[in-house]
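Asker: Just dropping this structure here.
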Amino acid sequence: MISENTARAKVLMASWEAAVDYVGTLLVNDHKVRPEYIPAMKRVFTELGPYAVLAPGIVLLHARPEDGVLEPCLGLITLADPVPFGHSENDPVDLVFALGAVDKSAHISALQQLAGMLGDPQKLKEIRSAQDDQMLFKVMVGNS
Amino acid sequence: MRIATLCGMGFGTSMMLKLFIDDILKAEGLKAEVVPWDLGSFKGNKVDIVVAPTDMESHLRSEKAKVVLIRNLVDKAEIKTKVLEAIRNLPLQDTK
């Protein structure tokens with residue numbers, strides 16, 4: 001689901017909005033989602049509350065399939081300096097995942113992979129220590 | 001036994017919680033139907049246990065089922081401890 005074009009390591013972001021724009025733009029430029037998916041992810045995040053910050057330092061962003069998903073996809077940026085996303089305990093965030101799903105059921109195996117990755121402290125350590133895009137991509141696909 | 005996992009959309013987070021809980025139950029030899037739901041369409045459904053992110057606490061105050069709130073949604077240990085405790089506290093006939 002992740003492609004070389006949708007993984008970026010150690011980027012510098014001033015705010016959560018900027019981080020969403022950045023990871024969303026990676027998916028747009030890779031022709032995985034339409035541009036309107038980016039504001040949709042922001043809207044969903046603001047409407048539903050900060051629980052999308054799943055774990056300390058980790059946010060999983062997504063909107064609805066009908067918000068402009070062209071292909072199932074995953075984007076990930078790791079932040080050089082963590083930024084707050086407004087969660088009472090899991091802030092600040094340094095791993096920003098953006099998920100695009102085309103329908104509920106087809107996506108389960110992809111989510112399963114992601115869940116396995118996020119539930120694995122060793123994997124998270126590797127993701128966090130990847131210093132460049134290529135290394136980050138390698139760590140990500142090494143899991144699947 | 002019926003367990004609902006909740007998030008705002010019934011899609012990402014709730015699905016991930018379901019996957020973790022399915023694994024945990026399997027390892028424990030327990031059987032349950034685990035259904036991901038979005039908060040809006042869940043209301044009114046009858047289940048034994050509701051598992052949700054801590055942030056949703058305020059929406060679940062009137063819930064009749066046992067509510068389990070998870071802080072770290074990718075921490076299998078936290079999910080396991082809390083869900084198994086909730087299952088243990090259910091009336092016996094429901095754990096089959």
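Residues are named by chain letter and number: chains run A, B, ... in the order of the structure tokens, numbers start at 1 in each chain, and ligands are numbered from 1 in the order shown.
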Within 8 Å of region 51-53 of chain A, counting only C-alpha atoms, which residues show up once you throw out same-chain ones fewer than 5 positions away? Write them as a PyMOL selection string, please.

Answerer: (chain A and resi 45+58-61+85+87+90-91+93) or (chain B and resi 13+53-56)

Asker: Mind writing the picked residues with N, CA and C atoms as a tab-separated table (two decimals), in the first residue's frame?

Answerer:
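Contents of the output file part17.tsv:
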chain	number	residue	atom	x	y	z
A	45	PHE	N	-10.73	14.60	11.13
A	45	PHE	CA	-9.92	14.67	12.35
A	45	PHE	C	-10.52	15.66	13.34
A	58	ILE	N	1.72	8.73	17.62
A	58	ILE	CA	1.24	8.16	16.35
A	58	ILE	C	-0.17	8.63	16.01
A	59	VAL	N	-0.31	9.21	14.81
A	59	VAL	CA	-1.66	9.57	14.36
A	59	VAL	C	-1.98	8.78	13.08
A	60	LEU	N	-3.20	8.29	13.00
A	60	LEU	CA	-3.67	7.61	11.79
A	60	LEU	C	-4.82	8.43	11.21
A	61	LEU	N	-4.54	9.10	10.09
A	61	LEU	CA	-5.54	9.96	9.47
A	61	LEU	C	-6.26	9.21	8.37
A	85	PHE	N	-1.10	17.37	18.18
A	85	PHE	CA	-2.35	17.17	17.44
A	85	PHE	C	-3.57	17.35	18.33
A	87	HIS	N	-4.16	15.87	21.43
A	87	HIS	CA	-4.56	14.72	22.25
A	87	HIS	C	-4.06	14.92	23.69
A	90	ASN	N	-1.41	11.49	24.23
A	90	ASN	CA	-0.51	10.90	23.24
A	90	ASN	C	0.28	11.92	22.42
A	91	ASP	N	0.07	13.20	22.69
A	91	ASP	CA	0.85	14.24	22.02
A	91	ASP	C	2.27	14.26	22.56
A	93	VAL	N	3.11	14.37	18.26
A	93	VAL	CA	3.12	13.30	17.26
A	93	VAL	C	4.37	13.39	16.38
B	13	THR	N	-9.86	2.93	12.86
B	13	THR	CA	-9.52	2.60	14.23
B	13	THR	C	-10.33	1.42	14.76
B	53	PRO	N	-11.97	4.22	22.00
B	53	PRO	CA	-10.87	5.07	22.45
B	53	PRO	C	-11.30	5.90	23.67
B	54	THR	N	-10.37	6.19	24.57
B	54	THR	CA	-10.70	6.95	25.79
B	54	THR	C	-11.44	8.25	25.48
B	55	ASP	N	-11.12	8.88	24.37
B	55	ASP	CA	-11.76	10.15	24.00
B	55	ASP	C	-13.27	10.06	23.87
B	56	MET	N	-13.79	8.87	23.66
B	56	MET	CA	-15.22	8.72	23.41
B	56	MET	C	-16.03	8.54	24.68

Asker: Check which residues of chain B sit at most 12 Å from chain A using only C-alpha atoms, and return one row each with the closest pair of atoms and their distance in Å to one decimal, ordered by chain and rising number, as a tab-separated table.

Answerer:
residue	atom	partner	partner_atom	distance
B:Leu6	CA	A:Tyr51	CA	11.0
B:Cys7	CA	A:Leu48	CA	8.3
B:Gly8	CA	A:Leu48	CA	5.6
B:Met9	CA	A:Arg64	CA	8.0
B:Gly10	CA	A:Lys104	CA	8.8
B:Phe11	CA	A:Lys104	CA	6.6
B:Gly12	CA	A:His62	CA	7.4
B:Thr13	CA	A:Ala52	CA	7.4
B:Ser14	CA	A:Ala52	CA	10.6
B:Met15	CA	A:Ile108	CA	7.6
B:Met16	CA	A:Ala115	CA	6.0
B:Leu17	CA	A:Ala115	CA	8.5
B:Lys18	CA	A:Gln112	CA	9.8
B:Leu19	CA	A:Gln112	CA	6.6
B:Phe20	CA	A:Ala115	CA	7.6
B:Ile21	CA	A:Ala115	CA	11.3
B:Asp22	CA	A:Gln112	CA	11.1
B:Asp23	CA	A:Gln112	CA	10.7
B:Pro36	CA	A:Lys104	CA	10.3
B:Trp37	CA	A:Lys104	CA	11.2
B:Asp38	CA	A:Leu48	CA	10.4
B:Leu39	CA	A:Leu48	CA	9.6
B:Gly40	CA	A:Leu48	CA	10.9
B:Ala52	CA	A:Tyr51	CA	9.4
B:Pro53	CA	A:Tyr51	CA	6.2
B:Thr54	CA	A:Tyr51	CA	7.5
B:Asp55	CA	A:Tyr51	CA	5.8
B:Met56	CA	A:Tyr51	CA	8.0
B:Glu57	CA	A:Tyr51	CA	10.9
B:Ser58	CA	A:Gly49	CA	11.7
B:His59	CA	A:Leu48	CA	11.5
B:Leu69	CA	A:Tyr51	CA	11.3
B:Ile70	CA	A:Leu54	CA	9.3
B:Arg71	CA	A:Ala55	CA	7.2
B:Asn72	CA	A:Ala55	CA	4.4
B:Leu73	CA	A:Leu54	CA	5.1
B:Val74	CA	A:Gly119	CA	4.9
B:Asp75	CA	A:Gly119	CA	5.8
B:Lys76	CA	A:Gly119	CA	6.6
B:Ala77	CA	A:Gly119	CA	9.5
B:Glu78	CA	A:Gly119	CA	11.0
B:Ile79	CA	A:Gly119	CA	10.9

Asker: Next, write the just-selected residues to a file, as a compact mmCIF listing (two decimals), in the first residue's frame, keeping N, CA and C atoms as the atom set.

Answerer:
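Below is the file that was written, selection.txt:
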# COMPACT_ATOMS: atom_id res chain seq x y z
N LEU B 6 -15.54 0.65 18.49
CA LEU B 6 -16.07 1.90 17.95
C LEU B 6 -14.99 2.86 17.51
N CYS B 7 -15.30 3.62 16.47
CA CYS B 7 -14.54 4.83 16.19
C CYS B 7 -15.51 5.77 15.50
N GLY B 8 -15.03 6.88 15.03
CA GLY B 8 -15.93 7.86 14.46
C GLY B 8 -16.54 7.39 13.15
N MET B 9 -15.83 6.49 12.47
CA MET B 9 -16.28 6.12 11.14
C MET B 9 -16.57 4.65 10.95
N GLY B 10 -16.18 3.83 11.90
CA GLY B 10 -16.41 2.39 11.77
C GLY B 10 -15.47 1.76 10.77
N PHE B 11 -14.31 2.33 10.63
CA PHE B 11 -13.49 2.06 9.47
C PHE B 11 -12.03 1.78 9.81
N GLY B 12 -11.33 2.77 10.23
CA GLY B 12 -9.89 2.59 10.49
C GLY B 12 -9.64 2.06 11.88
N THR B 13 -9.86 2.93 12.86
CA THR B 13 -9.52 2.60 14.23
C THR B 13 -10.33 1.42 14.76
N SER B 14 -11.63 1.42 14.50
CA SER B 14 -12.47 0.36 15.04
C SER B 14 -12.12 -0.98 14.39
N MET B 15 -11.75 -0.92 13.12
CA MET B 15 -11.36 -2.14 12.42
C MET B 15 -10.05 -2.69 12.99
N MET B 16 -9.14 -1.76 13.29
CA MET B 16 -7.86 -2.17 13.85
C MET B 16 -8.07 -2.80 15.23
N LEU B 17 -8.93 -2.18 16.03
CA LEU B 17 -9.25 -2.74 17.34
C LEU B 17 -9.84 -4.14 17.21
N LYS B 18 -10.73 -4.29 16.24
CA LYS B 18 -11.33 -5.61 16.00
C LYS B 18 -10.25 -6.65 15.71
N LEU B 19 -9.30 -6.29 14.85
CA LEU B 19 -8.25 -7.23 14.48
C LEU B 19 -7.43 -7.65 15.70
N PHE B 20 -7.08 -6.67 16.53
CA PHE B 20 -6.33 -6.99 17.75
C PHE B 20 -7.15 -7.90 18.66
N ILE B 21 -8.42 -7.57 18.83
CA ILE B 21 -9.26 -8.34 19.76
C ILE B 21 -9.51 -9.75 19.25
N ASP B 22 -9.71 -9.90 17.94
CA ASP B 22 -9.86 -11.23 17.35
C ASP B 22 -8.64 -12.10 17.69
N ASP B 23 -7.46 -11.52 17.53
CA ASP B 23 -6.22 -12.25 17.85
C ASP B 23 -6.17 -12.66 19.31
N PRO B 36 -16.91 -3.99 14.15
CA PRO B 36 -16.53 -2.57 14.14
C PRO B 36 -17.73 -1.70 13.75
N TRP B 37 -17.86 -0.56 14.41
CA TRP B 37 -19.00 0.31 14.19
C TRP B 37 -18.57 1.77 14.26
N ASP B 38 -19.31 2.64 13.60
CA ASP B 38 -19.11 4.05 13.88
C ASP B 38 -20.09 4.46 14.97
N LEU B 39 -19.65 5.44 15.73
CA LEU B 39 -20.39 5.85 16.92
C LEU B 39 -21.86 6.15 16.61
N GLY B 40 -22.10 6.87 15.52
CA GLY B 40 -23.45 7.27 15.17
C GLY B 40 -24.39 6.11 14.94
N ALA B 52 -13.75 1.17 23.00
CA ALA B 52 -13.64 2.46 22.31
C ALA B 52 -12.42 3.23 22.80
N PRO B 53 -11.97 4.22 22.00
CA PRO B 53 -10.87 5.07 22.45
C PRO B 53 -11.30 5.90 23.67
N THR B 54 -10.37 6.19 24.57
CA THR B 54 -10.70 6.95 25.79
C THR B 54 -11.44 8.25 25.48
N ASP B 55 -11.12 8.88 24.37
CA ASP B 55 -11.76 10.15 24.00
C ASP B 55 -13.27 10.06 23.87
N MET B 56 -13.79 8.87 23.66
CA MET B 56 -15.22 8.72 23.41
C MET B 56 -16.03 8.54 24.68
N GLU B 57 -15.36 8.59 25.81
CA GLU B 57 -16.00 8.32 27.08
C GLU B 57 -17.31 9.10 27.25
N SER B 58 -17.29 10.38 26.92
CA SER B 58 -18.45 11.23 27.15
C SER B 58 -19.66 10.79 26.31
N HIS B 59 -19.42 10.13 25.20
CA HIS B 59 -20.53 9.68 24.33
C HIS B 59 -21.13 8.37 24.82
N LEU B 69 -12.45 1.34 27.79
CA LEU B 69 -11.80 2.47 27.12
C LEU B 69 -10.31 2.21 26.97
N ILE B 70 -9.82 2.40 25.76
CA ILE B 70 -8.42 2.11 25.46
C ILE B 70 -7.66 3.42 25.22
N ARG B 71 -6.54 3.54 25.89
CA ARG B 71 -5.73 4.76 25.75
C ARG B 71 -4.77 4.64 24.57
N ASN B 72 -4.00 3.55 24.56
CA ASN B 72 -3.07 3.32 23.46
C ASN B 72 -3.66 2.23 22.58
N LEU B 73 -4.17 2.64 21.42
CA LEU B 73 -4.98 1.75 20.58
C LEU B 73 -4.15 0.73 19.80
N VAL B 74 -2.84 0.81 19.91
CA VAL B 74 -2.02 -0.22 19.28
C VAL B 74 -1.26 -1.05 20.31
N ASP B 75 -1.58 -0.85 21.58
CA ASP B 75 -0.90 -1.59 22.64
C ASP B 75 -1.69 -2.85 22.97
N LYS B 76 -1.23 -3.96 22.41
CA LYS B 76 -1.94 -5.23 22.60
C LYS B 76 -2.09 -5.58 24.08
N ALA B 77 -1.07 -5.25 24.86
CA ALA B 77 -1.11 -5.60 26.28
C ALA B 77 -2.25 -4.86 26.98
N GLU B 78 -2.38 -3.57 26.70
CA GLU B 78 -3.46 -2.79 27.31
C GLU B 78 -4.83 -3.32 26.87
N ILE B 79 -4.96 -3.58 25.56
CA ILE B 79 -6.24 -4.07 25.03
C ILE B 79 -6.58 -5.42 25.67

Asker: For region 81-90 of chain B, find every residue with an atom within 10 Å (counting only C-alpha atoms), except residues of its own chain fewer than 3 positions away, and show them as a list in words.

Answerer: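 Skipping anything fewer than 3 positions along the chain leaves Met1, Ile3, Ile21, Ile24, Leu25, Glu28, Leu30, Asp48, Ile49, Val50, Val51, Ala65, Lys66, Val67, Val68, Leu69, Ile70, Lys76, Ala77, Glu78, Gln93, Asp94 and Thr95 of chain B.
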
Asker: Please measure the separation of CA of Asp132 (chain A) and CA of Met41 (chain A), giving the value in Å to one decimal.

Answerer: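 CA of Met41 (chain A) lies 25.6 Å from CA of Asp132 (chain A).
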
Asker: Figure out the distance between CA of Val141 (chain A) and CA of Val96 (chain A), please, to one decimal in Å.

Answerer: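 Going from CA of Val96 (chain A) over to CA of Val141 (chain A) covers 16.7 Å.
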